[in-house]
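Structure file coords-v6.txt (compact mmCIF, C-alpha atoms and all ligand atoms) is printed below.
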```txt
# COMPACT_ATOMS: atom_id res chain seq x y z
CA GLN X 18 -18.16 21.42 -11.59
CA ARG X 19 -14.36 21.00 -11.43
CA GLU X 20 -14.15 22.94 -8.15
CA GLN X 21 -16.89 20.76 -6.67
CA VAL X 22 -14.93 17.60 -7.60
CA GLY X 23 -11.84 19.06 -5.94
CA SER X 24 -13.53 20.06 -2.72
CA ASP X 25 -15.45 16.75 -2.24
CA PHE X 26 -12.24 14.83 -2.85
CA ASP X 27 -10.21 17.07 -0.54
CA ALA X 28 -12.83 16.69 2.19
CA LEU X 29 -12.73 12.88 1.97
CA ILE X 30 -8.91 12.89 2.07
CA ALA X 31 -8.83 15.35 4.98
CA ALA X 32 -11.25 13.14 6.94
CA ASP X 33 -9.07 10.08 6.13
CA GLN X 34 -12.04 8.43 4.40
CA ARG X 35 -11.68 6.04 1.47
CA ILE X 36 -12.02 7.19 -2.13
CA GLU X 37 -14.15 4.69 -4.07
CA PRO X 38 -14.36 4.11 -7.86
CA ARG X 39 -17.69 6.02 -8.04
CA ASP X 40 -16.15 9.14 -6.46
CA ALA X 41 -14.83 12.03 -8.50
CA MET X 42 -11.05 12.35 -8.18
CA PRO X 43 -8.36 14.54 -9.72
CA ASP X 44 -6.79 13.06 -12.88
CA THR X 45 -3.36 13.15 -11.27
CA TYR X 46 -4.58 11.06 -8.31
CA ARG X 47 -6.07 8.52 -10.73
CA GLU X 48 -2.85 8.41 -12.80
CA THR X 49 -0.65 7.99 -9.73
CA LEU X 50 -2.73 5.06 -8.56
CA ILE X 51 -2.80 3.43 -11.98
CA ARG X 52 1.01 3.75 -12.12
CA GLN X 53 1.59 2.34 -8.64
CA ILE X 54 -1.03 -0.43 -8.70
CA ALA X 55 0.00 -1.53 -12.20
CA GLN X 56 3.68 -1.62 -11.21
CA HIS X 57 2.71 -3.62 -8.17
CA ALA X 58 0.65 -6.07 -10.27
CA HIS X 59 3.47 -6.42 -12.81
CA SER X 60 5.91 -7.12 -9.94
CA GLU X 61 3.72 -9.93 -8.69
CA ILE X 62 3.53 -11.75 -12.00
CA ILE X 63 7.16 -11.12 -13.03
CA GLY X 64 8.03 -12.08 -9.45
CA MET X 65 6.77 -15.61 -10.15
CA GLN X 66 9.78 -16.28 -12.38
CA PRO X 67 12.76 -16.31 -9.98
CA GLU X 68 11.14 -18.88 -7.68
CA GLY X 69 9.34 -20.66 -10.54
CA ASN X 70 12.88 -21.50 -11.66
CA TRP X 71 13.17 -23.85 -8.64
CA ILE X 72 9.81 -25.66 -8.69
CA THR X 73 11.14 -28.68 -10.57
CA ARG X 74 14.26 -28.76 -8.40
CA ALA X 75 12.85 -28.17 -4.90
CA PRO X 76 14.69 -30.56 -2.56
CA SER X 77 11.63 -32.54 -1.34
CA LEU X 78 7.98 -33.14 -2.14
CA ARG X 79 6.98 -30.96 0.83
CA ARG X 80 9.17 -28.08 -0.35
CA LYS X 81 7.82 -28.45 -3.87
CA ALA X 82 4.17 -28.30 -2.69
CA ILE X 83 4.90 -25.20 -0.60
CA LEU X 84 6.75 -23.47 -3.43
CA ILE X 85 3.99 -24.18 -5.96
CA ALA X 86 1.44 -22.73 -3.52
CA LYS X 87 3.57 -19.62 -3.00
CA VAL X 88 4.07 -18.97 -6.70
CA GLN X 89 0.32 -19.47 -7.27
CA ASP X 90 -0.36 -16.91 -4.52
CA GLU X 91 1.79 -14.43 -6.45
CA ALA X 92 -0.34 -14.98 -9.57
CA GLY X 93 -3.41 -14.40 -7.39
CA HIS X 94 -1.98 -11.15 -6.04
CA GLY X 95 -1.39 -10.03 -9.62
CA LEU X 96 -5.04 -10.73 -10.40
CA TYR X 97 -6.41 -8.77 -7.40
CA LEU X 98 -4.15 -5.87 -8.31
CA TYR X 99 -5.04 -5.79 -12.02
CA SER X 100 -8.70 -5.84 -10.93
CA ALA X 101 -8.08 -2.96 -8.52
CA ALA X 102 -6.38 -1.00 -11.33
CA GLU X 103 -9.34 -1.68 -13.64
CA THR X 104 -11.67 0.09 -11.20
CA LEU X 105 -9.78 3.26 -12.19
CA GLY X 106 -10.99 2.92 -15.77
CA ILE X 107 -8.02 1.26 -17.44
CA ASP X 108 -8.08 -2.03 -19.27
CA ARG X 109 -5.95 -5.00 -18.19
CA ALA X 110 -4.84 -5.65 -21.79
CA GLU X 111 -3.54 -2.07 -21.97
CA LEU X 112 -1.62 -2.52 -18.71
CA LEU X 113 0.01 -5.71 -19.97
CA ASP X 114 0.95 -3.90 -23.21
CA ARG X 115 2.63 -1.21 -21.13
CA LEU X 116 4.59 -3.86 -19.22
CA HIS X 117 5.67 -5.69 -22.37
CA SER X 118 6.70 -2.50 -24.16
CA GLY X 119 8.69 -1.28 -21.13
CA LYS X 120 6.43 1.78 -20.58
CA GLN X 121 5.64 0.59 -17.07
CA LYS X 122 8.03 -0.80 -14.51
CA TYR X 123 8.10 -3.75 -12.15
CA SER X 124 10.16 -4.06 -8.99
CA SER X 125 13.93 -3.95 -9.44
CA ILE X 126 14.32 -7.00 -7.18
CA PHE X 127 13.06 -9.46 -9.77
CA ASN X 128 15.95 -8.75 -12.10
CA TYR X 129 18.35 -10.78 -9.95
CA PRO X 130 18.94 -14.50 -10.55
CA THR X 131 18.08 -17.45 -8.28
CA LEU X 132 21.31 -19.41 -8.40
CA THR X 133 20.78 -21.92 -5.59
CA TRP X 134 17.95 -23.40 -3.52
CA ALA X 135 18.91 -21.04 -0.66
CA ASP X 136 17.81 -18.15 -2.90
CA CYS X 137 14.20 -19.32 -2.44
CA GLY X 138 14.78 -18.98 1.31
CA ALA X 139 16.32 -15.53 0.92
CA ILE X 140 13.47 -14.34 -1.32
CA GLY X 141 10.83 -15.44 1.19
CA TRP X 142 12.69 -14.03 4.15
CA LEU X 143 13.99 -10.75 2.68
CA VAL X 144 11.89 -9.96 -0.40
CA ASP X 145 8.54 -10.93 1.12
CA GLY X 146 9.71 -9.39 4.41
CA ALA X 147 10.32 -6.07 2.60
CA ALA X 148 7.03 -6.44 0.71
CA ILE X 149 5.11 -6.82 4.00
CA MET X 150 6.81 -3.76 5.50
CA ASN X 151 5.80 -1.74 2.43
CA GLN X 152 2.30 -3.20 2.06
CA VAL X 153 0.89 -3.24 5.59
CA PRO X 154 0.59 0.59 5.49
CA LEU X 155 -1.04 0.24 2.03
CA CYS X 156 -3.97 -1.51 3.80
CA ARG X 157 -4.77 2.07 4.93
CA CYS X 158 -4.27 3.60 1.48
CA SER X 159 -6.87 6.23 0.61
CA TYR X 160 -8.07 4.31 -2.46
CA GLY X 161 -10.57 1.67 -1.23
CA PRO X 162 -10.11 -1.16 -3.76
CA TYR X 163 -6.29 -1.06 -3.41
CA ALA X 164 -6.45 -0.93 0.40
CA ARG X 165 -8.86 -3.88 0.57
CA ALA X 166 -6.79 -5.98 -1.86
CA MET X 167 -3.75 -5.42 0.37
CA ILE X 168 -5.37 -7.02 3.42
CA ARG X 169 -5.45 -10.50 1.96
CA VAL X 170 -2.16 -10.02 0.13
CA CYS X 171 -0.42 -9.15 3.43
CA LYS X 172 -1.80 -12.25 5.15
CA GLU X 173 -0.41 -14.41 2.37
CA GLU X 174 2.91 -12.55 2.36
CA SER X 175 3.31 -13.38 6.05
CA PHE X 176 3.15 -17.08 5.24
CA HIS X 177 5.64 -16.52 2.43
CA GLN X 178 8.04 -14.75 4.74
CA ARG X 179 7.87 -17.54 7.33
CA GLN X 180 8.46 -20.26 4.75
CA GLY X 181 11.58 -18.41 3.53
CA PHE X 182 12.85 -18.02 7.08
CA GLU X 183 12.25 -21.73 7.68
CA ILE X 184 14.18 -22.75 4.54
CA LEU X 185 17.17 -20.73 5.79
CA TRP X 186 16.74 -21.99 9.36
CA ASN X 187 16.99 -25.59 8.15
CA LEU X 188 19.99 -24.84 5.95
CA MET X 189 21.71 -23.05 8.84
CA HIS X 190 21.19 -26.18 10.97
CA GLY X 191 22.55 -28.43 8.22
CA THR X 192 25.99 -29.15 6.86
CA GLU X 193 28.88 -26.74 6.40
CA SER X 194 28.12 -26.37 2.69
CA GLN X 195 24.40 -25.77 3.37
CA ARG X 196 25.32 -22.97 5.78
CA ALA X 197 27.67 -21.50 3.18
CA MET X 198 24.89 -21.64 0.58
CA ALA X 199 22.49 -19.78 2.93
CA GLN X 200 25.14 -17.14 3.71
CA ASP X 201 25.88 -16.65 0.01
CA ALA X 202 22.16 -16.11 -0.70
CA ALA X 203 21.87 -13.58 2.15
CA ASN X 204 24.93 -11.75 0.79
CA ARG X 205 23.42 -11.46 -2.68
CA TRP X 206 19.82 -10.53 -1.70
CA TRP X 207 20.41 -8.09 1.18
CA TRP X 208 21.22 -4.95 -0.82
CA PRO X 209 18.67 -5.51 -3.61
CA ALA X 210 16.03 -6.03 -0.87
CA LEU X 211 16.91 -2.66 0.68
CA ALA X 212 16.61 -1.04 -2.77
CA MET X 213 13.02 -2.33 -3.09
CA PHE X 214 11.81 0.59 -0.94
CA GLY X 215 12.80 3.02 -3.69
CA PRO X 216 15.20 5.97 -3.90
CA PRO X 217 16.18 7.93 -0.76
CA ASP X 218 13.98 10.75 0.56
CA THR X 219 16.68 13.40 0.18
CA GLY X 220 19.51 14.31 -2.16
CA GLU X 221 19.80 14.05 -5.91
CA ALA X 222 17.93 10.74 -6.22
CA ALA X 223 14.86 12.12 -4.46
CA LYS X 224 14.25 14.83 -7.08
CA GLY X 225 11.18 14.20 -9.17
CA GLY X 226 9.97 11.54 -6.73
CA HIS X 227 6.33 10.93 -5.90
CA THR X 228 6.52 10.54 -2.12
CA GLU X 229 5.45 14.00 -1.00
CA GLN X 230 2.34 14.11 -3.18
CA SER X 231 1.46 10.47 -2.51
CA MET X 232 1.71 11.05 1.25
CA ALA X 233 -0.49 14.15 1.01
CA TRP X 234 -3.09 11.99 -0.77
CA GLY X 235 -2.84 9.18 1.79
CA ILE X 236 -1.58 6.70 -0.81
CA LYS X 237 1.79 6.31 0.86
CA ARG X 238 1.76 6.47 4.67
CA PHE X 239 5.54 6.38 5.22
CA SER X 240 8.49 7.63 3.20
CA ASN X 241 10.86 5.21 1.44
CA ASP X 242 13.65 5.80 3.98
CA ASP X 243 11.34 5.33 6.98
CA LEU X 244 10.16 1.96 5.67
CA ARG X 245 13.74 0.93 4.84
CA GLN X 246 14.79 1.72 8.42
CA LYS X 247 11.85 -0.24 9.85
CA PHE X 248 12.83 -3.19 7.66
CA VAL X 249 16.46 -3.11 8.81
CA ASP X 250 15.36 -2.88 12.47
CA MET X 251 13.06 -5.87 12.05
CA THR X 252 15.46 -8.01 10.03
CA VAL X 253 18.79 -7.66 11.86
CA PRO X 254 17.59 -9.62 14.95
CA GLN X 255 16.18 -12.29 12.63
CA ALA X 256 19.56 -12.59 10.89
CA GLN X 257 21.17 -12.97 14.31
CA LYS X 258 18.72 -15.75 15.20
CA LEU X 259 19.53 -17.48 11.92
CA GLY X 260 23.26 -17.07 12.51
CA LEU X 261 23.68 -15.18 9.24
CA THR X 262 25.98 -12.20 8.75
CA LEU X 263 24.53 -9.28 6.80
CA PRO X 264 26.98 -7.92 4.20
CA ASP X 265 27.26 -4.38 5.56
CA PRO X 266 30.35 -3.25 7.54
CA ASP X 267 28.45 -0.12 8.66
CA LEU X 268 25.65 -2.05 10.33
CA ARG X 269 25.62 -1.19 14.04
CA TRP X 270 23.09 -0.44 16.77
CA ASN X 271 22.74 3.28 17.49
CA ASP X 272 21.64 3.74 21.10
CA GLU X 273 20.90 7.43 20.63
CA ARG X 274 18.61 6.94 17.65
CA GLY X 275 17.20 3.64 18.93
CA HIS X 276 17.72 2.20 15.44
CA TRP X 277 20.28 0.22 13.47
CA ASP X 278 22.65 2.37 11.42
CA PHE X 279 23.38 0.93 8.02
CA GLY X 280 25.36 1.70 4.85
CA GLU X 281 24.24 3.25 1.59
CA VAL X 282 22.51 1.25 -1.14
CA ASP X 283 24.38 1.39 -4.46
CA TRP X 284 21.93 3.76 -6.16
CA ASP X 285 23.86 3.71 -9.44
CA GLU X 286 23.17 -0.01 -9.63
CA PHE X 287 19.48 0.60 -8.77
CA TRP X 288 19.02 3.10 -11.63
CA ARG X 289 20.94 0.81 -14.00
CA VAL X 290 18.56 -2.05 -13.17
CA LEU X 291 15.57 0.29 -13.67
CA ARG X 292 16.91 1.30 -17.08
CA GLY X 293 16.84 -2.37 -18.10
CA ASP X 294 20.47 -3.20 -17.48
CA GLY X 295 20.19 -5.62 -14.54
CA PRO X 296 21.38 -9.24 -14.63
CA CYS X 297 18.00 -10.69 -15.74
CA ASN X 298 15.88 -7.83 -17.20
CA ALA X 299 15.94 -9.10 -20.79
CA GLU X 300 15.24 -12.69 -19.75
CA ARG X 301 12.30 -11.73 -17.51
CA ILE X 302 10.52 -9.65 -20.16
CA GLU X 303 11.22 -12.17 -22.90
CA HIS X 304 9.75 -14.98 -20.78
CA ARG X 305 6.68 -12.84 -19.92
CA ARG X 306 6.03 -11.92 -23.58
CA ARG X 307 6.32 -15.56 -24.60
CA ALA X 308 3.91 -16.67 -21.84
CA HIS X 309 1.48 -13.96 -22.98
CA GLU X 310 1.64 -15.09 -26.61
CA ASP X 311 1.28 -18.74 -25.63
CA GLY X 312 -1.83 -17.82 -23.64
CA ALA X 313 -3.56 -16.04 -26.55
CA TRP X 314 -5.82 -19.02 -27.27
CA VAL X 315 -7.04 -19.07 -23.64
CA ARG X 316 -8.00 -15.38 -23.81
CA GLU X 317 -9.75 -15.90 -27.16
CA ALA X 318 -11.67 -18.91 -25.83
CA ALA X 319 -12.68 -17.04 -22.66
CA THR X 320 -13.87 -14.03 -24.69
CA ALA X 321 -15.87 -16.25 -27.07
CA TYR X 322 -17.42 -18.09 -24.12
CA ALA X 323 -18.35 -14.83 -22.36
CA ALA X 324 -19.96 -13.50 -25.57
CA LYS X 325 -21.95 -16.73 -25.96
CA GLN X 326 -23.17 -16.58 -22.36
CA ALA X 327 -24.12 -12.91 -22.73
CA SER X 328 -26.16 -13.58 -25.89
CA LYS X 329 -27.91 -16.55 -24.20
CA HIS X 330 -29.01 -14.32 -21.32
CA LYS X 331 -30.38 -11.75 -23.76
CA GLU X 332 -32.69 -14.31 -25.42
N1 LIG X 401 11.77 -1.01 -8.49
O1 LIG X 401 9.14 8.47 -6.02
P1 LIG X 401 9.32 7.02 -5.82
C1 LIG X 401 6.19 -8.06 -4.43
C2 LIG X 401 10.58 3.92 -9.19
S1 LIG X 401 6.86 -6.71 -3.66
C3 LIG X 401 11.41 -0.38 -9.63
O2 LIG X 401 9.68 6.52 -4.48
P2 LIG X 401 6.71 5.75 -5.57
C4 LIG X 401 5.86 -9.29 -3.61
C5 LIG X 401 9.20 4.52 -9.04
O3 LIG X 401 8.22 3.72 -9.66
C6 LIG X 401 7.38 -5.55 -4.94
N2 LIG X 401 11.08 0.93 -9.65
O4 LIG X 401 8.00 6.25 -6.38
C7 LIG X 401 6.52 -10.50 -4.11
C8 LIG X 401 9.40 5.87 -9.68
O5 LIG X 401 9.42 5.72 -11.10
P3 LIG X 401 8.17 6.15 -12.06
C9 LIG X 401 6.26 -4.72 -5.51
C10 LIG X 401 11.11 1.60 -8.48
O6 LIG X 401 5.83 5.03 -6.53
C11 LIG X 401 7.52 -11.11 -3.37
C12 LIG X 401 10.81 6.22 -9.28
O7 LIG X 401 11.47 5.00 -9.00
N3 LIG X 401 5.68 -3.90 -4.52
O8 LIG X 401 6.03 -7.96 -5.59
C13 LIG X 401 11.44 0.99 -7.27
O9 LIG X 401 6.13 6.84 -4.79
C14 LIG X 401 8.18 -12.24 -3.82
C15 LIG X 401 10.84 7.16 -8.07
O10 LIG X 401 10.40 6.46 -6.87
C16 LIG X 401 5.08 -2.73 -4.82
O11 LIG X 401 5.03 -2.31 -5.96
C17 LIG X 401 11.79 -0.37 -7.31
N4 LIG X 401 12.16 -1.04 -6.20
O12 LIG X 401 7.31 4.68 -4.54
C18 LIG X 401 6.17 -11.05 -5.34
C19 LIG X 401 4.47 -1.98 -3.67
N5 LIG X 401 11.37 1.92 -6.30
O13 LIG X 401 6.98 5.29 -11.66
C20 LIG X 401 6.84 -12.20 -5.82
C21 LIG X 401 3.65 -0.80 -4.09
C22 LIG X 401 11.01 3.09 -6.88
O14 LIG X 401 7.91 7.60 -11.82
C23 LIG X 401 7.86 -12.80 -5.06
N6 LIG X 401 4.46 0.27 -4.55
N7 LIG X 401 10.87 2.90 -8.20
O15 LIG X 401 8.62 5.85 -13.46
C24 LIG X 401 4.99 1.25 -3.75
O16 LIG X 401 4.81 1.23 -2.55
C25 LIG X 401 5.74 2.36 -4.41
O17 LIG X 401 5.43 2.38 -5.77
C26 LIG X 401 7.28 2.29 -4.20
C27 LIG X 401 7.91 3.47 -4.96
C28 LIG X 401 7.64 2.42 -2.73
C29 LIG X 401 7.86 1.00 -4.78
```

Go ahead and express the file in the form of structure tokens.
Amino acid sequence: QREQVGSDFDALIAADQRIEPRDAMPDTYRETLIRQIAQHAHSEIIGMQPEGNWITRAPSLRRKAILIAKVQDEAGHGLYLYSAAETLGIDRAELLDRLHSGKQKYSSIFNYPTLTWADCGAIGWLVDGAAIMNQVPLCRCSYGPYARAMIRVCKEESFHQRQGFEILWNLMHGTESQRAMAQDAANRWWWPALAMFGPPDTGEAAKGGHTEQSMAWGIKRFSNDDLRQKFVDMTVPQAQKLGLTLPDPDLRWNDERGHWDFGEVDWDEFWRVLRGDGPCNAERIEHRRRAHEDGAWVREAATAYAAKQASKHKE
């Protein structure tokens, strides 16, 4: 029986076909997907906080409407992703418990503060820009429900990226202090955005990583370093258009490679943030737990309503 499961699964993967919830799959494939999709879902809902911080202070009604829509989109992405994870046989309540107890991670990037309005521009431009680079290949992920969820998510992320670029564009065409605010935001978000792609493919940090296995299974289509390079290549010309300087003295075009060379992410800082010691880790989790507790009555009411409807249909 076990061998049959393995060979059907291997044949689907080898033919680059999608694995669906009804298909037999190795436990390790299921666990890897639960880990990655749950982390992704957690990132979306924790990721509402840094920008949520600016909704009441957005500089105009138009900016406020756009920001509310963007933050709502992030909640929606969380919902698609929790639903995709549930198709693997895990309960959403269990996933939220794992987030709240620190057993599962969310993206390092959301542990940095949004100090000025320009940070909303930098998040859209850099953080959503990095998210798109990482997620477009996930539209071809071997697990069907995750791949399909990513299609709509990527379309919405493109709008998010443009709105961030436009915030910075306007600031860069504003006053001296607006330009300084945009530059300061770019300085603070550049390196954390590069760290979003995860640890490097080689060296000490790569040991114990998931990339090789996830690529063999068609979950990941590119390595962390390859996506990071693609992101740098895409973003440097955009920074030039904006008139922003990126805070990396090693950034230079390499004619031979046909790519931008760039400096090393501070991986000690990355691991510190992952261990819970970033500027906003405690605040983010505390806020999330409180929101969850405050929402208990909604979950209870929804459960009671669903039970009532189910018993009505039985009659
Ligand atoms: N933060 O071997 P790998 C968004 C962990 S975008 C925290 O490379 P893997 C949109 C990794 O989990 C952000 N942890 O692992 C938005 C593993 O630890 P583990 C979310 C990280 O899974 C924008 C260890 O390091 N996007 O939310 C990070 O093969 C604006 C070794 O790493 C996704 O989650 C990190 N940056 O590759 C929302 C995309 N990097 O689990 C609101 C889907 C690595 O063994 C506002 N995920 N780690 O304990 C992925 O593509 C992958 O999971 C990677 C990591 C590429 C993130």

Given 7 Å and only C-alpha atoms and all ligand atoms, residues near ligand LIG 401 (chain X) as an NGL selection string
:X and (52-54 or 56-57 or 60-61 or 64-65 or 91 or 122-126 or 140-141 or 144-145 or 148 or 151-152 or 212-216 or 223 or 225-228 or 231 or 237 or 241 or 291)

Take the residues just selected and output them with C-alpha atoms as a JSON list (two decimals), keeping the file's coordinate frame.
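Resulting contents of again_24.json:
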```json
[["chain", "number", "residue", "atom", "x", "y", "z"],
["X", 52, "ARG", "CA", 1.01, 3.75, -12.12],
["X", 53, "GLN", "CA", 1.59, 2.34, -8.64],
["X", 54, "ILE", "CA", -1.03, -0.43, -8.70],
["X", 56, "GLN", "CA", 3.68, -1.62, -11.21],
["X", 57, "HIS", "CA", 2.71, -3.62, -8.17],
["X", 60, "SER", "CA", 5.91, -7.12, -9.94],
["X", 61, "GLU", "CA", 3.72, -9.93, -8.69],
["X", 64, "GLY", "CA", 8.03, -12.08, -9.45],
["X", 65, "MET", "CA", 6.77, -15.61, -10.15],
["X", 91, "GLU", "CA", 1.79, -14.43, -6.45],
["X", 122, "LYS", "CA", 8.03, -0.80, -14.51],
["X", 123, "TYR", "CA", 8.10, -3.75, -12.15],
["X", 124, "SER", "CA", 10.16, -4.06, -8.99],
["X", 125, "SER", "CA", 13.93, -3.95, -9.44],
["X", 126, "ILE", "CA", 14.32, -7.00, -7.18],
["X", 140, "ILE", "CA", 13.47, -14.34, -1.32],
["X", 141, "GLY", "CA", 10.83, -15.44, 1.19],
["X", 144, "VAL", "CA", 11.89, -9.96, -0.40],
["X", 145, "ASP", "CA", 8.54, -10.93, 1.12],
["X", 148, "ALA", "CA", 7.03, -6.44, 0.71],
["X", 151, "ASN", "CA", 5.80, -1.74, 2.43],
["X", 152, "GLN", "CA", 2.30, -3.20, 2.06],
["X", 212, "ALA", "CA", 16.61, -1.04, -2.77],
["X", 213, "MET", "CA", 13.02, -2.33, -3.09],
["X", 214, "PHE", "CA", 11.81, 0.59, -0.94],
["X", 215, "GLY", "CA", 12.80, 3.02, -3.69],
["X", 216, "PRO", "CA", 15.20, 5.97, -3.90],
["X", 223, "ALA", "CA", 14.86, 12.12, -4.46],
["X", 225, "GLY", "CA", 11.18, 14.20, -9.17],
["X", 226, "GLY", "CA", 9.97, 11.54, -6.73],
["X", 227, "HIS", "CA", 6.33, 10.93, -5.90],
["X", 228, "THR", "CA", 6.52, 10.54, -2.12],
["X", 231, "SER", "CA", 1.46, 10.47, -2.51],
["X", 237, "LYS", "CA", 1.79, 6.31, 0.86],
["X", 241, "ASN", "CA", 10.86, 5.21, 1.44],
["X", 291, "LEU", "CA", 15.57, 0.29, -13.67]]
```

Which distance in Å separates CA of Arg35 in chain X and CA of Ala164 in chain X, to one decimal?
8.8 Å

Please identify all polymer residues within 8 Å of range 242-244 of chain X, counting all atoms listed in the file, omitting same-chain residues fewer than 2 positions from it, and present them as a CSV table (one decimal) with C-alpha atoms, in the frame of the given file.
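Dumped to selection_31.csv:
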```csv
chain,number,residue,atom,x,y,z
X,150,MET,CA,6.8,-3.8,5.5
X,151,ASN,CA,5.8,-1.7,2.4
X,214,PHE,CA,11.8,0.6,-0.9
X,217,PRO,CA,16.2,7.9,-0.8
X,218,ASP,CA,14.0,10.8,0.6
X,239,PHE,CA,5.5,6.4,5.2
X,240,SER,CA,8.5,7.6,3.2
X,246,GLN,CA,14.8,1.7,8.4
X,247,LYS,CA,11.8,-0.2,9.8
X,248,PHE,CA,12.8,-3.2,7.7
```

Around range 175-189 of chain X, fit a box with edges along x, y and z, padding it by 6 Å on each side, then list its centre and edge lengths in Å to one decimal as lines of an AutoDock Vina configuration file.
```
center_x = 12.4
center_y = -19.5
center_z = 5.9
size_x = 30.6
size_y = 24.2
size_z = 18.9
```

Would you mind reading off the distance between CA of His59 in chain X and CA of Gly95 in chain X, one decimal, in Å?
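So the two atoms, CA of His59 in chain X and CA of Gly95 in chain X, lie 6.8 Å apart.
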
Quick one: residues within 6 Å of Gly181 in chain X, all atoms listed in the file counted, chain neighbours fewer than 3 positions away excluded, as a PyMOL selection string?
chain X and resi 138+141-142+178+184

Would you mind telling me which residue in X:Asp285, X:Glu229, X:Asp136, X:Asp250 lies nearest to Trp206 in chain X when using all atoms listed in the file?
X:Asp136

Distance query range 26-31 of chain X at most 12 Å, only C-alpha atoms, self and fewer than 5 positions along chain excluded, as number ranges by chain
X: 19-21, 36-37, 39-44, 46-47, 157-161, 231-236
